[in-house]
Structure formats: structure tokens, C-alpha cells
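Here is data_13.tsv, consisting of TSV, C-alpha atoms:
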```tsv
chain	number	residue	atom	x	y	z
A	1255	MET	CA	112.15	114.07	50.47
A	1256	ASN	CA	109.77	113.75	53.41
A	1257	LYS	CA	107.00	111.16	53.45
A	1258	LEU	CA	103.86	110.91	55.59
A	1259	GLU	CA	102.02	107.60	55.13
A	1260	ILE	CA	98.57	106.97	56.57
A	1261	THR	CA	96.99	103.53	56.39
A	1262	GLN	CA	93.46	102.42	57.26
A	1263	LEU	CA	92.87	105.18	59.80
A	1264	ASN	CA	89.50	105.18	61.57
A	1265	LYS	CA	87.97	107.36	64.26
A	1266	HIS	CA	84.63	107.12	66.04
A	1267	TYR	CA	82.98	109.63	68.36
A	1268	GLY	CA	80.55	107.35	70.11
A	1269	LYS	CA	78.43	105.78	67.38
A	1270	LYS	CA	79.42	108.36	64.77
A	1271	GLN	CA	82.34	107.39	62.52
A	1272	ALA	CA	84.20	110.59	61.69
A	1273	LEU	CA	86.99	108.94	59.65
A	1274	LYS	CA	86.68	105.75	57.60
A	1275	ASN	CA	89.71	103.73	56.47
A	1276	PHE	CA	91.66	106.82	55.45
A	1277	THR	CA	94.72	105.79	53.45
A	1278	PHE	CA	97.04	108.23	51.69
A	1279	THR	CA	100.74	109.06	51.18
A	1280	PHE	CA	101.98	112.66	51.29
A	1281	THR	CA	105.36	113.90	50.04
A	1282	ASP	CA	106.88	117.40	49.92
A	1283	GLY	CA	104.49	120.03	48.57
A	1284	ILE	CA	101.05	121.47	49.31
A	1285	TYR	CA	97.94	119.31	49.66
A	1286	GLY	CA	94.46	120.72	49.92
A	1287	LEU	CA	91.87	118.90	52.03
A	1288	LEU	CA	88.58	119.99	50.55
A	1289	GLY	CA	85.10	119.30	51.87
A	1290	PRO	CA	82.13	120.69	53.79
A	1291	ASN	CA	81.90	120.86	57.57
A	1292	GLY	CA	81.74	117.35	59.02
A	1293	ALA	CA	83.76	115.81	56.18
A	1294	GLY	CA	86.47	114.58	58.58
A	1295	LYS	CA	89.18	117.11	57.75
A	1296	SER	CA	89.79	118.40	61.28
A	1297	THR	CA	89.60	114.89	62.73
A	1298	LEU	CA	92.31	113.74	60.30
A	1299	MET	CA	94.56	116.66	61.19
A	1300	ASN	CA	94.16	116.09	64.91
A	1301	LEU	CA	94.98	112.40	64.48
A	1302	ILE	CA	98.16	113.24	62.57
A	1303	THR	CA	99.28	115.71	65.23
A	1304	GLY	CA	98.50	113.32	68.07
A	1305	ASN	CA	95.83	115.55	69.61
A	1306	LEU	CA	93.43	112.65	69.01
A	1307	HIS	CA	94.04	108.91	68.97
A	1308	PRO	CA	92.58	106.59	66.33
A	1309	ASP	CA	90.24	103.76	67.15
A	1310	LYS	CA	92.00	101.09	69.16
A	1311	ASP	CA	94.22	98.73	67.13
A	1312	ASN	CA	93.12	100.46	63.95
A	1313	GLY	CA	95.20	102.40	61.46
A	1314	LYS	CA	98.81	103.58	61.39
A	1315	ILE	CA	100.62	106.84	60.67
A	1316	PHE	CA	104.24	106.70	59.48
A	1317	TRP	CA	106.75	109.54	59.20
A	1318	ASN	CA	109.64	108.73	56.86
A	1319	GLY	CA	109.04	105.02	57.40
A	1320	GLU	CA	108.68	105.03	61.20
A	1321	GLU	CA	105.43	104.98	63.15
A	1322	THR	CA	104.65	108.37	64.68
A	1323	MET	CA	103.40	106.80	67.92
A	1324	VAL	CA	106.85	105.25	68.36
A	1325	LEU	CA	108.74	108.38	67.30
A	1326	GLY	CA	106.82	110.45	69.85
A	1327	GLU	CA	108.65	113.70	70.61
A	1328	ASN	CA	111.04	113.17	67.69
A	1329	PHE	CA	108.05	113.42	65.36
A	1330	ARG	CA	106.41	116.33	67.15
A	1331	ARG	CA	109.63	118.37	66.86
A	1332	GLN	CA	109.27	118.16	63.06
A	1333	LEU	CA	105.62	119.17	63.13
A	1334	GLY	CA	104.00	122.60	62.90
A	1335	PHE	CA	100.26	122.87	63.54
A	1336	MET	CA	97.93	125.82	63.04
A	1337	PRO	CA	94.51	124.80	64.42
A	1338	GLN	CA	91.35	126.55	63.31
A	1339	GLN	CA	90.61	127.82	66.81
A	1340	GLN	CA	93.54	129.03	68.87
A	1341	ASN	CA	93.62	131.63	71.59
A	1342	LEU	CA	96.05	134.51	71.30
A	1343	TYR	CA	97.08	136.67	74.25
A	1344	ASP	CA	95.99	140.17	73.27
A	1345	SER	CA	98.15	141.78	75.96
A	1346	MET	CA	101.31	140.19	74.53
A	1347	THR	CA	103.39	141.59	71.71
A	1348	ALA	CA	103.91	139.41	68.65
A	1349	PHE	CA	107.54	138.85	69.66
A	1350	ASP	CA	106.68	137.90	73.24
A	1351	PHE	CA	103.95	135.50	72.11
A	1352	LEU	CA	106.34	133.70	69.76
A	1353	GLY	CA	108.92	133.57	72.54
A	1354	TYR	CA	106.30	131.97	74.77
A	1355	VAL	CA	105.45	129.38	72.09
A	1356	ALA	CA	109.16	128.69	71.50
A	1357	ALA	CA	109.58	127.98	75.22
A	1358	LEU	CA	106.61	125.59	75.15
A	1359	LYS	CA	108.27	123.79	72.24
A	1360	GLY	CA	111.50	123.48	74.22
A	1361	LEU	CA	113.56	125.61	71.84
A	1362	ASP	CA	116.81	127.18	73.03
A	1363	ARG	CA	115.98	130.66	74.38
A	1364	LYS	CA	119.07	132.47	73.05
A	1365	LYS	CA	118.85	130.90	69.61
A	1366	SER	CA	115.11	131.60	69.45
A	1367	VAL	CA	115.54	135.40	69.53
A	1368	GLY	CA	117.14	135.69	66.10
A	1369	TYR	CA	114.90	132.99	64.68
A	1370	ILE	CA	111.72	134.71	65.86
A	1371	HIS	CA	112.80	137.92	64.14
A	1372	GLU	CA	113.42	135.95	60.95
A	1373	ILE	CA	110.01	134.29	61.10
A	1374	LEU	CA	108.27	137.63	61.73
A	1375	LYS	CA	110.02	138.95	58.64
A	1376	ARG	CA	108.82	135.98	56.58
A	1377	VAL	CA	105.20	136.59	57.58
A	1378	GLU	CA	105.57	140.34	57.00
A	1379	LEU	CA	105.15	141.31	60.65
A	1380	GLU	CA	108.70	142.46	61.39
A	1381	ASP	CA	107.57	146.09	61.85
A	1382	SER	CA	104.86	144.96	64.28
A	1383	ALA	CA	107.04	142.73	66.46
A	1384	ASP	CA	106.72	144.96	69.53
A	1385	LYS	CA	103.04	145.82	69.08
A	1386	LYS	CA	100.33	144.15	71.16
A	1387	ILE	CA	98.36	141.45	69.40
A	1388	GLY	CA	95.08	142.93	70.64
A	1389	GLY	CA	95.48	145.75	68.13
A	1390	PHE	CA	96.11	143.45	65.15
A	1391	SER	CA	93.70	142.89	62.27
A	1392	GLY	CA	92.34	139.40	61.61
A	1393	GLY	CA	94.90	138.83	58.87
A	1394	MET	CA	97.77	139.88	61.11
A	1395	LYS	CA	96.60	137.52	63.84
A	1396	GLN	CA	96.46	134.66	61.34
A	1397	ARG	CA	100.04	135.44	60.33
A	1398	VAL	CA	101.10	135.35	63.99
A	1399	LEU	CA	99.58	131.86	64.19
A	1400	ILE	CA	101.40	130.81	61.02
A	1401	ALA	CA	104.64	132.14	62.53
A	1402	SER	CA	104.04	130.13	65.72
A	1403	ALA	CA	103.50	126.97	63.65
A	1404	LEU	CA	106.83	127.59	61.87
A	1405	LEU	CA	108.88	127.74	65.06
A	1406	GLY	CA	111.42	124.92	65.13
A	1407	GLU	CA	111.65	124.68	61.31
A	1408	PRO	CA	109.08	121.89	60.88
A	1409	LYS	CA	109.13	119.47	57.97
A	1410	LEU	CA	105.36	118.89	58.22
A	1411	LEU	CA	103.03	121.89	58.44
A	1412	ILE	CA	99.31	121.34	59.08
A	1413	MET	CA	96.88	124.24	58.74
A	1414	ASP	CA	93.18	124.02	59.57
A	1415	GLU	CA	91.17	126.72	57.74
A	1416	PRO	CA	94.07	129.24	57.81
A	1417	THR	CA	92.11	131.96	56.00
A	1418	ALA	CA	88.73	131.60	57.71
A	1419	GLY	CA	87.10	134.99	58.21
A	1420	LEU	CA	89.68	136.92	56.20
A	1421	ASP	CA	89.01	139.25	53.30
A	1422	PRO	CA	90.30	138.40	49.76
A	1423	LYS	CA	93.42	140.59	50.08
A	1424	GLN	CA	94.46	138.95	53.34
A	1425	ARG	CA	93.85	135.49	51.86
A	1426	VAL	CA	96.19	136.30	48.97
A	1427	ILE	CA	98.97	137.31	51.40
A	1428	ILE	CA	98.65	134.08	53.37
A	1429	LYS	CA	98.41	131.96	50.22
A	1430	ARG	CA	101.66	133.48	48.95
A	1431	LEU	CA	103.39	132.83	52.27
A	1432	VAL	CA	102.30	129.19	52.31
A	1433	SER	CA	103.43	128.67	48.72
A	1434	GLU	CA	106.89	130.07	49.50
A	1435	MET	CA	107.25	127.81	52.54
A	1436	SER	CA	106.36	124.54	50.83
A	1437	LYS	CA	109.55	123.79	48.90
A	1438	GLU	CA	111.12	121.42	51.44
A	1439	MET	CA	108.20	120.39	53.61
A	1440	ILE	CA	104.78	118.77	53.46
A	1441	VAL	CA	101.97	121.29	53.87
A	1442	ILE	CA	98.41	120.06	54.46
A	1443	ILE	CA	95.72	122.73	54.29
A	1444	SER	CA	92.13	122.07	55.28
A	1445	THR	CA	89.71	124.51	53.67
A	1446	HIS	CA	86.34	124.96	52.05
A	1447	ILE	CA	87.52	128.08	50.16
A	1448	ILE	CA	88.54	126.66	46.80
A	1449	SER	CA	90.45	129.74	45.63
A	1450	ASP	CA	92.86	129.35	48.58
A	1451	ILE	CA	94.37	126.20	47.12
A	1452	GLU	CA	93.44	126.21	43.43
A	1453	ASN	CA	96.77	127.58	42.16
A	1454	ILE	CA	99.19	126.33	44.81
A	1455	ALA	CA	98.18	122.76	45.67
A	1456	LYS	CA	100.22	119.86	44.39
A	1457	GLU	CA	97.18	117.67	44.92
A	1458	ILE	CA	93.60	118.00	46.13
A	1459	ILE	CA	91.93	115.45	48.41
A	1460	LEU	CA	88.13	115.56	48.35
A	1461	MET	CA	86.53	114.31	51.56
A	1462	LYS	CA	82.96	113.57	52.55
A	1463	ASP	CA	81.55	111.72	55.56
A	1464	GLY	CA	85.04	110.74	56.71
A	1465	GLU	CA	86.15	109.22	53.40
A	1466	ILE	CA	88.20	110.19	50.36
A	1467	ILE	CA	85.78	110.54	47.47
A	1468	GLY	CA	88.33	111.82	44.96
A	1469	ASN	CA	91.93	113.00	44.69
A	1470	GLY	CA	94.37	114.24	42.09
A	1471	THR	CA	95.90	117.39	40.69
A	1472	VAL	CA	93.58	120.29	39.97
A	1473	GLN	CA	93.82	119.53	36.26
A	1474	GLU	CA	93.06	115.85	36.74
A	1475	LEU	CA	90.00	116.62	38.83
A	1476	VAL	CA	88.50	119.28	36.60
A	1477	ASP	CA	89.07	117.07	33.55
A	1478	GLU	CA	86.27	114.91	34.95
A	1479	LEU	CA	83.80	117.71	34.23
A	1480	PRO	CA	82.09	118.72	30.98
A	1481	ILE	CA	84.30	120.92	28.79
A	1482	ASP	CA	82.40	124.13	29.60
A	1483	GLU	CA	82.50	123.53	33.39
A	1484	LYS	CA	86.18	122.81	34.00
A	1485	ASN	CA	86.97	124.68	37.23
A	1486	LEU	CA	87.15	123.83	40.91
A	1487	GLU	CA	84.01	125.76	41.78
A	1488	ASN	CA	82.00	123.44	39.52
A	1489	LEU	CA	83.97	120.46	40.81
A	1490	TYR	CA	82.92	121.33	44.36
A	1491	MET	CA	79.29	121.56	43.27
A	1492	HIS	CA	79.66	118.26	41.41
A	1493	TYR	CA	80.77	116.44	44.58
A	1494	TYR	CA	79.01	118.36	47.32
A	1495	GLY	CA	76.05	120.17	45.78
A	1496	GLY	CA	74.91	122.91	48.12
A	1497	GLU	CA	76.85	121.66	51.17
```

What is this file in C-alpha cells?
Amino acid sequence: MNKLEITQLNKHYGKKQALKNFTFTFTDGIYGLLGPNGAGKSTLMNLITGNLHPDKDNGKIFWNGEETMVLGENFRRQLGFMPQQQNLYDSMTAFDFLGYVAALKGLDRKKSVGYIHEILKRVELEDSADKKIGGFSGGMKQRVLIASALLGEPKLLIMDEPTAGLDPKQRVIIKRLVSEMSKEMIVIISTHIISDIENIAKEIILMKDGEIIGNGTVQELVDELPIDEKNLENLYMHYYGGE
């Protein structure tokens, strides 16, 4: 069982506090970070991955009992990250792009070949391995990014708005893939599309203005609502109104 513990994490951008005393413990399974733009979701994810640093002398992140700042590369090797904005090389094939990412991650070149084929199969792109990414649909490109995050068999997978801009059919494909991958890893998904996480999340974390304003299973959260309004759409409106 993997464990990611975050304690009293804060982050300022100048005078604006983007994250306020964030404290939470994650274990294997899928967690949905829910909230409007500016809630602090992306800031949290970038702090976990080390792309940002927390306020000085403030807050800790632990991976299986050890501080991630101390673990350094040993932590990053167990981490897969799919940022919301990531450039793809349209002139590259899907296979070549994943080979490029594998090299950046320091993975063994010979071993990577078979593994890349396996990952492409898992994301249903095996038949498109030798096609150029520039000709891919939005959903296919998102699956390439998911595949790149899975290189190295991570135990912690972080996904920032993985279905943004996709149609309902493409979102279903990606949701199924994520659900299948979550059995032996922690998956944290940031989204504002409630249907993406409603049926797969182990727990939902509601964020606003850099703080947790509610958390629990889907059932626990909707039970807070009147009997005729028990669904996540109404829960979102309850916490965020028109945001």
C-alpha cells in the first residue's frame, strides 16, 4: 500500500496565497480534486511533483514515510505526471515520442522498446504507434500524454484536467483507462467535469481559494444534500454556485 502524506502545505505567489495549510493523506486508489479555476488544484499538483516549491520552512510532503525533498530522484522515479498543458511534437510518431520521454526519464533504451508497445496497447493506440502525432484527434493526443506519464511504472499518477476539450465518448475511454490503472497506485485527478470522476473516485476533495472545503466518498458528500438533490452536479452548485 502506497501512502502520500501532505501536512500544512502553503504557497504564495507574491501577495496571493494559492494554497492554505493543505493537509491530507492519500493511499492507493483514485482521488478527484474538484473545484473552479483558481481553487489551488494545479498549484497542489505542481508542489507534489516538485515543479514548484512551497513557502519557505512551511509544509511537508511524505512518500511512504519519507520526505519527498530528501528522496529526490528516488521519488520522481515513482511519479507519473500529466500536466494540463504539454507540448507534443507533431512530426514525431507516437512510438518515437514515448521513446524520447523514456530517454528523458533515464529508462533503459532496450527495455523501453517492449514496454512502450505494451503501454500503447493499454491506451488503445497500438495500431497508431508509427503514425505521426500531428494527425491524431484530441482524444488520441490525450492518450499519448497518459502513456508518457505511465512510463517507468509509477506508483503515483497525477493528472491535471486529463479530459479537457474532449467529447463525451473520448472522456469515457480515458475514464475507463484511468480506472483500470488505479489498482496498485495512487491516482490524483484534477477536474471541474464532475462526470469524469463520479463513478471511479475513491474519494473527492473539494477545493476553493486554496483550501479543502469538503472531502469524502461520493455517497458521503451527496448525503449532505436534500433527498431530492443527491448528486454531484447539485453538490458542485451547493459549494461553488455558478463558478

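For A:Asp1463, the residues within 7 Å (counting all atoms listed in the file, excluding itself and residues fewer than 6 positions away along the chain) are Ala1272, Gly1292, Ala1293 and Gly1294 of chain A.
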
#### Entry: Non-local contacts of stretch 1352-1356 of chain A (12 Å; all atoms listed in the file; under 2 positions in same chain excluded) as a PyMOL selection string
chain A and resi 1331+1334-1335+1342-1343+1346-1350+1358-1374+1379+1383-1384+1387+1397-1407

Please report, as CSV, each residue of stretch 1364-1483 of chain A lying at most 10 Å from stretch 1300-1307 of chain A, together with the nearest pair of atoms and the separation in Å rounded to one decimal; use only C-alpha atoms, and order rows by chain and ascending residue number.
```
residue,atom,partner,partner_atom,distance
A:Leu1410,CA,A:Thr1303,CA,9.8
A:Leu1411,CA,A:Thr1303,CA,9.9
A:Ile1412,CA,A:Thr1303,CA,8.3
A:Asp1414,CA,A:Asn1300,CA,9.6
```

### Task
List every protein, DNA or RNA residue that has an atom no more than 10 Å from (94.4, 137.1, 60.9) in the file's coordinate frame, counting only C-alpha atoms, and report them as number ranges by chain.
A: 1390-1400, 1416-1421, 1424-1425, 1428

### Task
Could you give me, as a VMD selection string, the residues that sit within 10 Å of (110.5, 104.4, 55.7) in the file's coordinates, counting only C-alpha atoms?
chain A and resid 1256 to 1259 1316 to 1321

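As for atom CA of A:Pro1422 and atom CA of A:Thr1445, they are spaced 14.4 Å apart.
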